[in-house]
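Asker: Next comes structure-v5.pdb, PDB, C-alpha atoms:
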ATOM      1  CA  MET A 261      84.281  89.487  95.499  1.00  0.00           C
ATOM      2  CA  ALA A 262      82.904  90.968  92.280  1.00  0.00           C
ATOM      3  CA  SER A 263      83.245  94.709  91.797  1.00  0.00           C
ATOM      4  CA  LYS A 264      80.106  96.739  91.073  1.00  0.00           C
ATOM      5  CA  VAL A 265      82.162  99.629  89.697  1.00  0.00           C
ATOM      6  CA  PRO A 266      82.174  99.603  85.879  1.00  0.00           C
ATOM      7  CA  GLU A 267      85.431  98.808  84.138  1.00  0.00           C
ATOM      8  CA  LEU A 268      86.837 101.300  81.658  1.00  0.00           C
ATOM      9  CA  GLY A 269      87.088  98.588  78.993  1.00  0.00           C
ATOM     10  CA  ARG A 270      89.687  97.984  76.341  1.00  0.00           C
ATOM     11  CA  PHE A 271      89.983 101.686  75.523  1.00  0.00           C
ATOM     12  CA  ALA A 272      91.094 102.456  79.075  1.00  0.00           C
ATOM     13  CA  GLU A 273      93.869 104.874  78.193  1.00  0.00           C
ATOM     14  CA  PRO A 274      91.750 107.529  76.407  1.00  0.00           C
ATOM     15  CA  ALA A 275      89.030 107.083  79.029  1.00  0.00           C
ATOM     16  CA  LEU A 276      91.509 107.559  81.852  1.00  0.00           C
ATOM     17  CA  LEU A 277      93.012 110.636  80.191  1.00  0.00           C
ATOM     18  CA  ILE A 278      89.549 112.161  79.785  1.00  0.00           C
ATOM     19  CA  LEU A 279      88.554 111.407  83.381  1.00  0.00           C
ATOM     20  CA  VAL A 280      91.763 113.019  84.657  1.00  0.00           C
ATOM     21  CA  SER A 281      91.110 116.060  82.461  1.00  0.00           C
ATOM     22  CA  LEU A 282      87.584 116.421  83.857  1.00  0.00           C
ATOM     23  CA  SER A 283      88.730 115.915  87.454  1.00  0.00           C
ATOM     24  CA  ASP A 284      89.346 119.641  87.915  1.00  0.00           C
ATOM     25  CA  GLY A 285      86.033 120.739  86.430  1.00  0.00           C
ATOM     26  CA  PRO A 286      83.783 120.612  83.355  1.00  0.00           C
ATOM     27  CA  LYS A 287      85.302 120.995  79.897  1.00  0.00           C
ATOM     28  CA  HIS A 288      84.096 120.809  76.296  1.00  0.00           C
ATOM     29  CA  GLY A 289      85.712 118.484  73.763  1.00  0.00           C
ATOM     30  CA  TYR A 290      88.377 120.814  72.409  1.00  0.00           C
ATOM     31  CA  ALA A 291      89.393 121.862  75.934  1.00  0.00           C
ATOM     32  CA  ILE A 292      89.717 118.182  76.905  1.00  0.00           C
ATOM     33  CA  MET A 293      91.918 117.515  73.847  1.00  0.00           C
ATOM     34  CA  THR A 294      94.228 120.449  74.591  1.00  0.00           C
ATOM     35  CA  ASP A 295      94.375 119.596  78.309  1.00  0.00           C
ATOM     36  CA  VAL A 296      95.288 115.973  77.576  1.00  0.00           C
ATOM     37  CA  GLU A 297      97.970 117.007  75.102  1.00  0.00           C
ATOM     38  CA  ALA A 298      99.390 119.573  77.541  1.00  0.00           C
ATOM     39  CA  GLY A 299      99.514 116.983  80.307  1.00  0.00           C
ATOM     40  CA  THR A 300     100.865 114.048  78.309  1.00  0.00           C
ATOM     41  CA  GLY A 301     102.568 115.530  75.281  1.00  0.00           C
ATOM     42  CA  ARG A 302     100.421 113.252  73.125  1.00  0.00           C
ATOM     43  CA  PRO A 303      97.450 114.403  71.057  1.00  0.00           C
ATOM     44  CA  LEU A 304      94.040 112.845  71.526  1.00  0.00           C
ATOM     45  CA  GLY A 305      92.233 112.923  68.187  1.00  0.00           C
ATOM     46  CA  PRO A 306      88.592 113.953  67.886  1.00  0.00           C
ATOM     47  CA  GLY A 307      87.429 110.492  66.780  1.00  0.00           C
ATOM     48  CA  THR A 308      89.057 108.849  69.791  1.00  0.00           C
ATOM     49  CA  LEU A 309      87.835 111.603  72.103  1.00  0.00           C
ATOM     50  CA  TYR A 310      84.172 111.552  71.117  1.00  0.00           C
ATOM     51  CA  ALA A 311      83.962 107.746  71.008  1.00  0.00           C
ATOM     52  CA  ALA A 312      85.447 107.601  74.521  1.00  0.00           C
ATOM     53  CA  LEU A 313      83.133 110.384  75.743  1.00  0.00           C
ATOM     54  CA  ALA A 314      80.124 108.399  74.480  1.00  0.00           C
ATOM     55  CA  ARG A 315      81.310 105.249  76.284  1.00  0.00           C
ATOM     56  CA  LEU A 316      82.029 107.147  79.503  1.00  0.00           C
ATOM     57  CA  GLU A 317      78.620 108.824  79.400  1.00  0.00           C
ATOM     58  CA  GLU A 318      76.917 105.486  78.677  1.00  0.00           C
ATOM     59  CA  ARG A 319      78.635 103.993  81.756  1.00  0.00           C
ATOM     60  CA  GLY A 320      77.548 106.923  83.935  1.00  0.00           C
ATOM     61  CA  LEU A 321      81.103 108.122  84.586  1.00  0.00           C
ATOM     62  CA  ILE A 322      80.570 111.537  82.990  1.00  0.00           C
ATOM     63  CA  GLU A 323      77.550 113.606  82.065  1.00  0.00           C
ATOM     64  CA  ALA A 324      76.953 116.150  79.351  1.00  0.00           C
ATOM     65  CA  LEU A 325      75.898 119.601  80.466  1.00  0.00           C
ATOM     66  CA  ALA A 326      73.818 122.169  78.606  1.00  0.00           C
ATOM     67  CA  PRO A 327      75.648 123.606  75.600  1.00  0.00           C
ATOM     68  CA  VAL A 328      77.513 126.883  76.044  1.00  0.00           C
ATOM     69  CA  ASP A 329      78.133 128.852  72.838  1.00  0.00           C
ATOM     70  CA  ARG A 330      77.493 125.721  70.739  1.00  0.00           C
ATOM     71  CA  ARG A 331      79.996 123.707  72.800  1.00  0.00           C
ATOM     72  CA  ARG A 332      78.840 120.883  75.019  1.00  0.00           C
ATOM     73  CA  PRO A 333      80.792 120.624  78.269  1.00  0.00           C
ATOM     74  CA  TYR A 334      81.106 117.369  80.191  1.00  0.00           C
ATOM     75  CA  ARG A 335      81.674 116.785  83.865  1.00  0.00           C
ATOM     76  CA  LEU A 336      82.724 113.895  86.041  1.00  0.00           C
ATOM     77  CA  THR A 337      79.943 112.164  87.983  1.00  0.00           C
ATOM     78  CA  ALA A 338      80.362 110.902  91.544  1.00  0.00           C
ATOM     79  CA  LEU A 339      80.752 107.384  90.125  1.00  0.00           C
ATOM     80  CA  GLY A 340      83.317 108.678  87.638  1.00  0.00           C
ATOM     81  CA  SER A 341      85.302 110.241  90.448  1.00  0.00           C
ATOM     82  CA  THR A 342      85.289 106.944  92.372  1.00  0.00           C
ATOM     83  CA  VAL A 343      86.348 104.955  89.309  1.00  0.00           C
ATOM     84  CA  LEU A 344      89.106 107.451  88.525  1.00  0.00           C
ATOM     85  CA  ALA A 345      90.491 107.316  92.075  1.00  0.00           C
ATOM     86  CA  ASP A 346      90.461 103.487  91.992  1.00  0.00           C
ATOM     87  CA  GLN A 347      92.184 103.396  88.596  1.00  0.00           C
ATOM     88  CA  LEU A 348      94.860 105.864  89.679  1.00  0.00           C
ATOM     89  CA  ARG A 349      95.567 103.912  92.888  1.00  0.00           C
ATOM     90  CA  ASP A 350      95.874 100.696  90.866  1.00  0.00           C
ATOM     91  CA  LEU A 351      98.233 102.384  88.391  1.00  0.00           C
ATOM     92  CA  ALA A 352     100.342 103.795  91.226  1.00  0.00           C
ATOM     93  CA  GLU A 353     100.670 100.325  92.770  1.00  0.00           C
ATOM     94  CA  PHE A 354     101.565  98.834  89.388  1.00  0.00           C
ATOM     95  CA  ALA A 355     104.147 101.554  88.746  1.00  0.00           C
ATOM     96  CA  GLN A 356     105.722 100.945  92.150  1.00  0.00           C
ATOM     97  CA  LEU A 357     105.924  97.211  91.414  1.00  0.00           C
ATOM     98  CA  GLY A 358     107.667  97.920  88.112  1.00  0.00           C
ATOM     99  CA  LEU A 359     110.099 100.328  89.763  1.00  0.00           C
ATOM    100  CA  ARG A 360     110.901  97.814  92.496  1.00  0.00           C
ATOM    101  CA  ARG A 361     111.551  95.154  89.886  1.00  0.00           C
ATOM    102  CA  LEU A 362     113.876  97.525  88.079  1.00  0.00           C
ATOM    103  CA  GLY A 363     115.613  98.313  91.351  1.00  0.00           C
ATOM    104  CA  SER A 364     114.748 101.993  90.902  1.00  0.00           C
ATOM    105  CA  SER A 365     112.087 102.565  93.561  1.00  0.00           C
ATOM    106  CA  SER A 366     112.163 106.113  94.856  1.00  0.00           C
ATOM    107  CA  GLY A 367     109.764 105.524  97.707  1.00  0.00           C
TER     108      GLY A 367
END
Translate this file's structure into structure tokens.
Answerer:
Amino acid sequence: MASKVPELGRFAEPALLILVSLSDGPKHGYAIMTDVEAGTGRPLGPGTLYAALARLEERGLIEALAPVDRRRPYRLTALGSTVLADQLRDLAEFAQLGLRRLGSSSG
């Protein structure tokens, strides 16, 4: 059965990081970058960020809001929330498979 939910594409990691960042509410670009770095310990550069934001917006997974003090916040759409939940479930299943294969499953 073919899925009607859009795929994140080959740049899935930055897209996933951005969707997770937006899952607790709207943020502008710099706030997304600092949130991602705080959560992962890895920086997300502005070029990567804004290219991924454009792709996510084009796919209907996020939407830009009206600018606030010259900063444009973005928020997760209902479709984006669904896609994020599906992606996180798939990653959790994959992680559990890897842990089982390593003999290190904690659950």
Asker: Quick one: everything within 8 Å of segment 305-315 of chain A, counting only C-alpha atoms, minus sequence neighbours fewer than 5 positions away in the same chain. Send it as a compact mmCIF listing (two decimals) with C-alpha atoms, keeping the file's coordinate frame.
Answerer:
# COMPACT_ATOMS: atom_id res chain seq x y z
CA PHE A 271 89.98 101.69 75.52
CA PRO A 274 91.75 107.53 76.41
CA ALA A 275 89.03 107.08 79.03
CA ILE A 278 89.55 112.16 79.78
CA GLY A 289 85.71 118.48 73.76
CA MET A 293 91.92 117.52 73.85
CA ILE A 322 80.57 111.54 82.99
Asker: Using the chain letters and numbers from the file, give me the residues hit by the PyMOL selection byres ((chain A and resi 295) around 12), as a CSV table (one decimal) with C-alpha atoms, in the frame of the given file.
Answerer:
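As written to disk, expr22.csv reads:
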chain,number,residue,atom,x,y,z
A,277,LEU,CA,93.0,110.6,80.2
A,278,ILE,CA,89.5,112.2,79.8
A,279,LEU,CA,88.6,111.4,83.4
A,280,VAL,CA,91.8,113.0,84.7
A,281,SER,CA,91.1,116.1,82.5
A,282,LEU,CA,87.6,116.4,83.9
A,283,SER,CA,88.7,115.9,87.5
A,284,ASP,CA,89.3,119.6,87.9
A,285,GLY,CA,86.0,120.7,86.4
A,286,PRO,CA,83.8,120.6,83.4
A,287,LYS,CA,85.3,121.0,79.9
A,288,HIS,CA,84.1,120.8,76.3
A,289,GLY,CA,85.7,118.5,73.8
A,290,TYR,CA,88.4,120.8,72.4
A,291,ALA,CA,89.4,121.9,75.9
A,292,ILE,CA,89.7,118.2,76.9
A,293,MET,CA,91.9,117.5,73.8
A,294,THR,CA,94.2,120.4,74.6
A,296,VAL,CA,95.3,116.0,77.6
A,297,GLU,CA,98.0,117.0,75.1
A,298,ALA,CA,99.4,119.6,77.5
A,299,GLY,CA,99.5,117.0,80.3
A,300,THR,CA,100.9,114.0,78.3
A,301,GLY,CA,102.6,115.5,75.3
A,302,ARG,CA,100.4,113.3,73.1
A,303,PRO,CA,97.4,114.4,71.1
A,304,LEU,CA,94.0,112.8,71.5
Asker: Determine the axis-aligned bounding box of all atoms of segment 282-298 of chain A present in the file, pad each side by 4 Å, and express its centre and edge lengths in Å to one decimal place as AutoDock Vina command-line options.
Answerer:
--center_x 91.6 --center_y 118.9 --center_z 80.2 --size_x 23.6 --size_y 13.9 --size_z 23.5
Asker: Could you check how far atom CA of Leu339 of chain A sits from atom CA of Leu321 of chain A, in Å to one decimal?
Answerer: 5.6 Å
Asker: Quote the spacing between atom CA of Leu325 of chain A and atom CA of Thr337 of chain A in Å to one decimal place.
Answerer: 11.3 Å
Asker: Just how far from atom CA of Asp346 of chain A is atom CA of Arg332 of chain A, in Å to one decimal?
Answerer: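 Calculated distance between atom CA of Arg332 of chain A and atom CA of Asp346 of chain A is 26.9 Å.
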